[in-house]
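Have a look at the structure below before the remarks.
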Amino acid sequence: MVHSVAEIAAALGARFAGDGTLAVGGAAEPANAAVDQIALAMSPKFADALSDGAARVALLWPDADWQALGLEAAIFVSHGKLAMAGITELMDPGPDIAPGIHATAYIAEGAQIGADCAIGPFAVIGTGARIGTRARIDAHVTVAAGAQVGDDVLLHSGVRLCGAARLGDRVIMHPNAVIGADGFSFVTPEPSSVERVRAALGDENEGRAQKWQRVHSLGLVEIGDDVEVGANANIDRGTIRATRVGQGTKIDNMVQIGHNVSIGEDCMICSQVGLAGSARVGDRVVLAGQVGVNDNIFIGDDVVAGGASKIFTNVPAGRVILGSPATKMSSQVESYKALRRLPRLFRDVAALQKAVSKTGQSD
Amino acid sequence: MVHSVAEIAAALGARFAGDGTLAVGGAAEPANAAVDQIALAMSPKFADALSDGAARVALLWPDADWQALGLEAAIFVSHGKLAMAGITELMDPGPDIAPGIHATAYIAEGAQIGADCAIGPFAVIGTGARIGTRARIDAHVTVAAGAQVGDDVLLHSGVRLCGAARLGDRVIMHPNAVIGADGFSFVTPEPSSVERVRAALGDENEGRAQKWQRVHSLGLVEIGDDVEVGANANIDRGTIRATRVGQGTKIDNMVQIGHNVSIGEDCMICSQVGLAGSARVGDRVVLAGQVGVNDNIFIGDDVVAGGASKIFTNVPAGRVILGSPATKMSSQVESYKALRRLPRLFRDVAALQKAVSKTGQSD
Amino acid sequence: MVHSVAEIAAALGARFAGDGTLAVGGAAEPANAAVDQIALAMSPKFADALSDGAARVALLWPDADWQALGLEAAIFVSHGKLAMAGITELMDPGPDIAPGIHATAYIAEGAQIGADCAIGPFAVIGTGARIGTRARIDAHVTVAAGAQVGDDVLLHSGVRLCGAARLGDRVIMHPNAVIGADGFSFVTPEPSSVERVRAALGDENEGRAQKWQRVHSLGLVEIGDDVEVGANANIDRGTIRATRVGQGTKIDNMVQIGHNVSIGEDCMICSQVGLAGSARVGDRVVLAGQVGVNDNIFIGDDVVAGGASKIFTNVPAGRVILGSPATKMSSQVESYKALRRLPRLFRDVAALQKAVSKTGQSD
């Protein structure tokens with residue numbers, strides 16, 4: 001992945017100065033950069049570290065004096081993290097999956113493999129599965145019979161696509177993620193303890209036999225274009241209708257998305273989040289790490305939920321929430337503060353009781 | 001999976017009306033039902049949607065006027081979700097695992113494979129492992145040497161059974177679940193920071209070297225009949241005695257069950273629950289999503305724990321609990337309400353202080 | 001794994017009495033011990049159970065009267081759990097991976113396999129990967145091109161090592177763990193809702209288009225010697241610099257370690273813990289189950305965090321913390337108590353208001 005300074009600048013839509021022909025073979029933090037790497041120093045605070053490394057070229061802030069920094073070339077960017085997106089994309093060779101179908105892969109009869117696919121060792125593609133063009137499927141991936149995969153999809157090793165999976169184009173799935181396992185749905189002939197507790201809202205649950213009968217899953221899992229799914233994450237298939245994830249939504253490692261859940265577009269669902277069955281989530285929603293969403297909850301567009309928020313009730317569009325149970329962020333912060341001041345409040349009330357009792361006596 | 005209306009009614013133990021010979025090839029929500037599908041409209045609120053779909057037959061509530069709904073046949077059920085269990089079971093073709101042992105599977109010498117098994121591509125069955133009759137083992141499953149699997153078990157792709165695994169009959173395991181990994185158990189020659197903190201209950205922990213020595217796991221994992229284990233879930237083997245899950249218990253995706261844990265029968269353990277080592281759980285217990293259970297805790301029969309409850313102390317049988325730390329549900333709800341009213345309480349106390357101070361002065 | 005009593009005592013550095021030549025083929029709880037097993041009865045409370053089992057030899061507390069317990073031999077230990085570490089290590093045969101490279105494994109050209117390795121069925125070792133001596137790699141493991149694995153490493157079935165993985169010596173990885181998946185890092189050209197909320201700290205987030213652009217991961221994952229990683233756990237690779245786990249640190253099942261995270265030596269990270277991107281953790285830190293750590297947080301040496309603590313701010317060395325948001329343990333316990341006394345406080349304040357209002361009227 002060697003690029004010239006001028007090529008990198010063009011890819012970033014950025015201005016460069018100095019020797020545009022310098023060859024760059026990688027990117028590094030300023031202090032650790034090797035002589036063929038570009039140093040990422042997009043803020044003046046990284047300037048000093050440049051001299052600790054060996055980089056001859058750097059990504060710098062807009063008005064940096066690159067020559068004073070001892071560089072032979074520089075590229076100037078105003079949005080550091082956006083430039084990171086561009087330059088890391090340029091430098092990323094991606095996983096090493098040889099073109100074509102590996103000799104050890106097992107492609108069932110009737111599977112349709114698109115042009116220019118790369119399929120790794122011991123991958124399995126089941127009967128009737130359809131794989132789009134230029135898809136890359138790494139070692140040990142299982143694509144079950146009937147699953148459908150769009151163009152330019154990348155499935156890392158150990159991914160499991162059940163037959164109900166429908167993946168759009170450019171979907172990325174990280175190792176050991178599972179799409180389309182059966183939903184967790186059971187019913188008891190008589191009301192179960194959960195149903196009785198929800199009805200009575202009491203603190204005690206009478207013991208009664210409950211044998212769980214399985215509600216089988218017949219629904220699909222529809223994953224939109226440009227979705228990314230993290231390692232060891234799970235998206236269950238729907239019961240009758242489909243579980244859906246809208247295009248552009250990014251899902252981190254070990255996220256649980258239950259059956260019948262619907263998630264909108266361009267959401268960000270961070271690691272270890274759990275969405276229980278039939279939850280509905282709007283567009284551009286951000287759920288930070290370890291957030292929990294109760295079943296059948298509705299979360300409006302543009303909601304932002306802080307880390308470990310536990311969401312038990314519907315959330316209107318645009319709301320910023322926090323805590324367990326989650327409330328408006330400001331209420332939660334107020335509660336935390338109040339909790340910390342509580343011991344003093346107890347002392348104040350005790351003092352008042354004394355004073356009032358005295359006042360009463362002195363009357 | 002085509003069935004006649006009369007067959008479906010018989011399987012559900014339900015009454016039908018109209019053309020019992022109509023062929024049904026699937027189930028769908030009323031608005032989306034195709035002409036060969038049965039519409040699931042078990043409540044009057046779904047009646048209107050029937051005309052949006054093309055279904056000629058529907059599952060209806062007991063006294064529905066099926067002819068007025070424009071249907072050619074109808075099946076009447078009083079418990080909608082129970083009927084869902086029946087009809088989805090009928091319509092579910094299950095995973096597509098070809099009968100017999102796939103040519104690419106590796107069966108070690110000395111493994112015992114029961115009659116009528118289906119074993120998929122690249123599955124591995126180790127030496128001395130025993131697989132019951134009619135078991136279905138999907139692609140990429142590992143059954144380690146010595147593991148035992150009952151009759152009619154279904155192991156989805158990527159399941160890992162370590163040698164300590166003992167599975168009853170009809171167990172279902174979803175993709176990438178792991179049974180029998182080593183427990184997380186370590187010890188330091190001198191008291192570790194955790195032991196010192198538990199003894200002192202102070203806020204500060206003095207730094208001292210602590211090199212963790214491994215306690216190896218020699219115990220089994222015994223999984224009862226009719227247990228279901230979710231995708232990417234883990235049940236660790238015991239140290240000396242077995243980790244146990246009782247028959248009929250259902251375990252969702254990404255649940256963690258630590259070493260030596262004992263879980264009773266007919267429990268429901270929802271997604272992302274974690275049970276630390278040596279926790280004991282009774283029968284018919286329901287733990288909602290993201291519940292945490294401390295090590296060595298005892299949870300009685302019929303306990304119901306709400307979403308994200310964190311359980312640090314023993315829970316008596318039949319108790320309904322919530323919160324972190326978990327308490328009786330009613331106490332928790334009272335605490336939430338009190339927290340919300342706190343800012344007003346602070347204002348009230350401030351006003352009282354003013355009033356009392358004035359009263360004092362006016363004396 | 002048969003050892004004589006004398007051999008076991010020597011391995012534990014412990015004193016024995018009675019017949020040192022007795023052959024021991026396993027370890028068990030006193031009540032369940034078979035005739036060829038050593039009973040683990042390191043405390044007087046287990047004495048009675050010995051007669052329920054068939055053991056002829058036991059691990060006993062230091063001054064136990066072994067002959068009165070009807071034993072033929074005994075080993076005396078003062079630190080029961082430490083002795084468990086020793087004896088379980090001695091008795092553990094480990095996973096059954098045949099020596100050498102299994103005929104079905106796929107070793108790419110240019111992979112370097114150390115001497116005396118054991119590599120199981122359908123394992124994949126990519127181009128340029130380096131595997132140390134005596135490493136054991138179980139069935140269905142993927143070692144991607146370029147990954148490096150130290151000596152005496154044990155990779156259980158379904159482990160995924162991406163190309164960025166660098167593993168020290170004696171590392172143990174449990175089934176389906178993933179090392180080196182891409183970090184979860186995205187950026188929007190305009191400020192995203194998260195950036196706007198962090199800047200404004202308001203309760204409402206205005207809806208605006210946000211298309212996530214991917215920051216690719218180019219960094220390594222460096223795992224020190226003697227690290228253990230649990231089943232289905234994830235350690236993502238760094239963006240530019242490496243994600244690091246120091247030697248001797250133990251990581252449980254389903255732990256999430258985000259990109260750029262740095263963890264020190266001899267830490268204990270329990271199940272379902274999540275560390276968001278760029279968090280830094282010192283040495284000997286203990287994070288109990290389900291702890292969450294915000295991104296970019298610093299946690300000092302010797303910190304101990306109780307179960308389900310959610311850590312949003314930096315934690316000084318040696319601090320013992322609990323709760324969500326996590327605070328000093330004692331403050332948290334005080335808050336819990338105060339919360340429980342709140343209903344009474346409300347009643348007290350109401351009574352005071354009545355009394356003061358009367359006092360005012362009586363003036």
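Within each chain, counting starts at residue 1; across the structure tokens, chains are named A, B, ... in the order shown, with ligands numbered 1 upward in that order.
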
Strand (DSSP E) positions in segment 59-248 of chain B, given as a ChimeraX atom specification: /B:59-60,73-76,100-101,106-107,112-113,118-119,124-125,130-131,136-137,142-143,148-149,154-155,160-161,165-167,172-173,178-179,186-187,213-214,221-223,228-229,234-235,243-245

Restricted to N, CA and C atoms, what would the selected residues look like written as a compact mmCIF listing (two decimals), in the first residue's frame?
```txt
# COMPACT_ATOMS: atom_id res chain seq x y z
N LEU B 59 -55.62 -17.58 11.15
CA LEU B 59 -55.81 -17.94 12.55
C LEU B 59 -56.58 -16.79 13.18
N LEU B 60 -57.75 -17.07 13.74
CA LEU B 60 -58.60 -16.00 14.25
C LEU B 60 -58.95 -16.20 15.72
N ALA B 73 -61.38 -20.01 4.68
CA ALA B 73 -61.30 -20.93 5.82
C ALA B 73 -60.70 -20.18 7.00
N ALA B 74 -60.88 -20.73 8.19
CA ALA B 74 -60.35 -20.08 9.39
C ALA B 74 -60.15 -21.12 10.47
N ILE B 75 -59.13 -20.87 11.32
CA ILE B 75 -58.88 -21.72 12.49
C ILE B 75 -59.02 -20.80 13.70
N PHE B 76 -59.71 -21.27 14.72
CA PHE B 76 -60.03 -20.42 15.86
C PHE B 76 -59.22 -20.82 17.09
N GLY B 100 -27.04 -37.99 7.04
CA GLY B 100 -25.76 -38.70 6.94
C GLY B 100 -24.59 -37.82 7.32
N ILE B 101 -23.42 -38.38 7.14
CA ILE B 101 -22.20 -37.67 7.51
C ILE B 101 -21.59 -37.06 6.25
N TYR B 106 -14.93 -34.56 9.78
CA TYR B 106 -13.87 -35.42 10.31
C TYR B 106 -14.36 -36.12 11.57
N ILE B 107 -14.53 -37.42 11.46
CA ILE B 107 -14.96 -38.20 12.61
C ILE B 107 -13.76 -39.01 13.09
N GLN B 112 -18.53 -42.40 18.58
CA GLN B 112 -19.74 -43.19 18.34
C GLN B 112 -20.83 -42.28 17.83
N ILE B 113 -21.28 -42.54 16.61
CA ILE B 113 -22.31 -41.71 16.00
C ILE B 113 -23.60 -42.51 15.97
N ALA B 118 -27.33 -36.37 11.21
CA ALA B 118 -26.95 -35.52 10.09
C ALA B 118 -25.77 -34.68 10.55
N ILE B 119 -24.67 -34.80 9.86
CA ILE B 119 -23.45 -34.09 10.27
C ILE B 119 -22.93 -33.31 9.07
N VAL B 124 -16.27 -31.62 13.28
CA VAL B 124 -15.24 -32.48 13.88
C VAL B 124 -15.84 -33.19 15.09
N ILE B 125 -15.75 -34.50 15.09
CA ILE B 125 -16.19 -35.28 16.25
C ILE B 125 -14.97 -36.03 16.78
N ARG B 130 -19.59 -39.31 22.04
CA ARG B 130 -20.78 -40.12 21.75
C ARG B 130 -21.91 -39.20 21.32
N ILE B 131 -22.47 -39.50 20.15
CA ILE B 131 -23.55 -38.67 19.59
C ILE B 131 -24.80 -39.53 19.52
N ARG B 136 -28.53 -33.67 14.93
CA ARG B 136 -28.15 -32.88 13.76
C ARG B 136 -27.02 -31.94 14.17
N ILE B 137 -25.92 -32.05 13.47
CA ILE B 137 -24.71 -31.29 13.81
C ILE B 137 -24.30 -30.53 12.57
N THR B 142 -17.47 -28.21 16.54
CA THR B 142 -16.42 -29.04 17.16
C THR B 142 -16.99 -29.79 18.35
N VAL B 143 -16.96 -31.09 18.30
CA VAL B 143 -17.31 -31.91 19.47
C VAL B 143 -16.00 -32.56 19.92
N GLN B 148 -20.33 -35.90 25.28
CA GLN B 148 -21.49 -36.78 25.08
C GLN B 148 -22.72 -35.96 24.73
N VAL B 149 -23.43 -36.40 23.71
CA VAL B 149 -24.55 -35.66 23.15
C VAL B 149 -25.75 -36.60 23.05
N LEU B 154 -29.72 -30.70 18.42
CA LEU B 154 -29.42 -29.87 17.25
C LEU B 154 -28.32 -28.88 17.62
N LEU B 155 -27.16 -29.04 16.99
CA LEU B 155 -26.04 -28.13 17.22
C LEU B 155 -25.84 -27.30 15.96
N ARG B 160 -19.10 -25.11 19.99
CA ARG B 160 -17.91 -25.80 20.53
C ARG B 160 -18.33 -26.58 21.76
N LEU B 161 -18.24 -27.87 21.69
CA LEU B 161 -18.43 -28.71 22.87
C LEU B 161 -17.06 -29.19 23.33
N ALA B 165 -18.39 -31.73 28.18
CA ALA B 165 -19.81 -31.49 27.94
C ALA B 165 -20.62 -32.78 27.96
N ARG B 166 -21.75 -32.74 28.67
CA ARG B 166 -22.70 -33.86 28.70
C ARG B 166 -24.07 -33.28 28.39
N LEU B 167 -24.57 -33.53 27.19
CA LEU B 167 -25.84 -32.94 26.77
C LEU B 167 -26.95 -33.98 26.78
N ILE B 172 -30.93 -27.87 22.09
CA ILE B 172 -30.66 -27.04 20.91
C ILE B 172 -29.58 -26.03 21.27
N MET B 173 -28.55 -25.96 20.45
CA MET B 173 -27.51 -24.96 20.70
C MET B 173 -27.32 -24.11 19.46
N VAL B 178 -20.58 -22.00 23.31
CA VAL B 178 -19.44 -22.76 23.82
C VAL B 178 -19.83 -23.45 25.13
N ILE B 179 -19.72 -24.74 25.16
CA ILE B 179 -20.01 -25.49 26.38
C ILE B 179 -18.75 -26.16 26.89
N PHE B 186 -8.59 -18.30 39.67
CA PHE B 186 -7.16 -18.07 39.89
C PHE B 186 -6.94 -17.80 41.37
N VAL B 187 -5.73 -18.00 41.78
CA VAL B 187 -5.40 -17.78 43.19
C VAL B 187 -4.00 -17.19 43.27
N GLN B 213 -2.24 -17.70 39.91
CA GLN B 213 -2.00 -19.10 39.55
C GLN B 213 -3.34 -19.72 39.18
N ARG B 214 -3.28 -20.51 38.16
CA ARG B 214 -4.46 -21.06 37.54
C ARG B 214 -5.02 -22.24 38.33
N VAL B 221 -19.80 -30.39 32.51
CA VAL B 221 -20.97 -29.51 32.32
C VAL B 221 -22.13 -30.41 31.95
N GLU B 222 -23.13 -30.46 32.80
CA GLU B 222 -24.27 -31.34 32.55
C GLU B 222 -25.47 -30.50 32.14
N ILE B 223 -25.93 -30.71 30.93
CA ILE B 223 -27.04 -29.94 30.37
C ILE B 223 -28.23 -30.89 30.23
N GLU B 228 -32.19 -25.14 25.81
CA GLU B 228 -31.79 -24.41 24.62
C GLU B 228 -30.73 -23.39 25.04
N VAL B 229 -29.69 -23.28 24.23
CA VAL B 229 -28.58 -22.37 24.55
C VAL B 229 -28.37 -21.43 23.37
N ASN B 234 -22.01 -18.94 26.74
CA ASN B 234 -20.95 -19.75 27.35
C ASN B 234 -21.40 -20.42 28.62
N ILE B 235 -21.12 -21.69 28.73
CA ILE B 235 -21.33 -22.39 30.00
C ILE B 235 -20.03 -23.09 30.35
N THR B 243 -20.77 -28.15 36.56
CA THR B 243 -21.71 -27.07 36.29
C THR B 243 -22.98 -27.74 35.75
N ARG B 244 -24.17 -27.28 36.23
CA ARG B 244 -25.40 -27.99 35.85
C ARG B 244 -26.49 -27.04 35.38
N VAL B 245 -27.19 -27.43 34.33
CA VAL B 245 -28.38 -26.72 33.88
C VAL B 245 -29.51 -27.74 33.80
```

Sel. of alpha helix (DSSP H) residues, segment 53-120 of chain B, as a PyMOL selection string: chain B and resi 80-91

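Minimum atom-to-atom distance to Gly163 of chain A, evaluated using only C-alpha atoms, belongs to A:Leu218 out of A:Ala279, A:Cys117, A:Ala200, A:Leu218.
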
Using only C-alpha atoms, find which residues of chain C lie within 6 Å of chain B and jot them down as JSON, numbers by chain. {"C": [28, 85, 88, 89, 302, 318, 319, 320, 328, 329]}
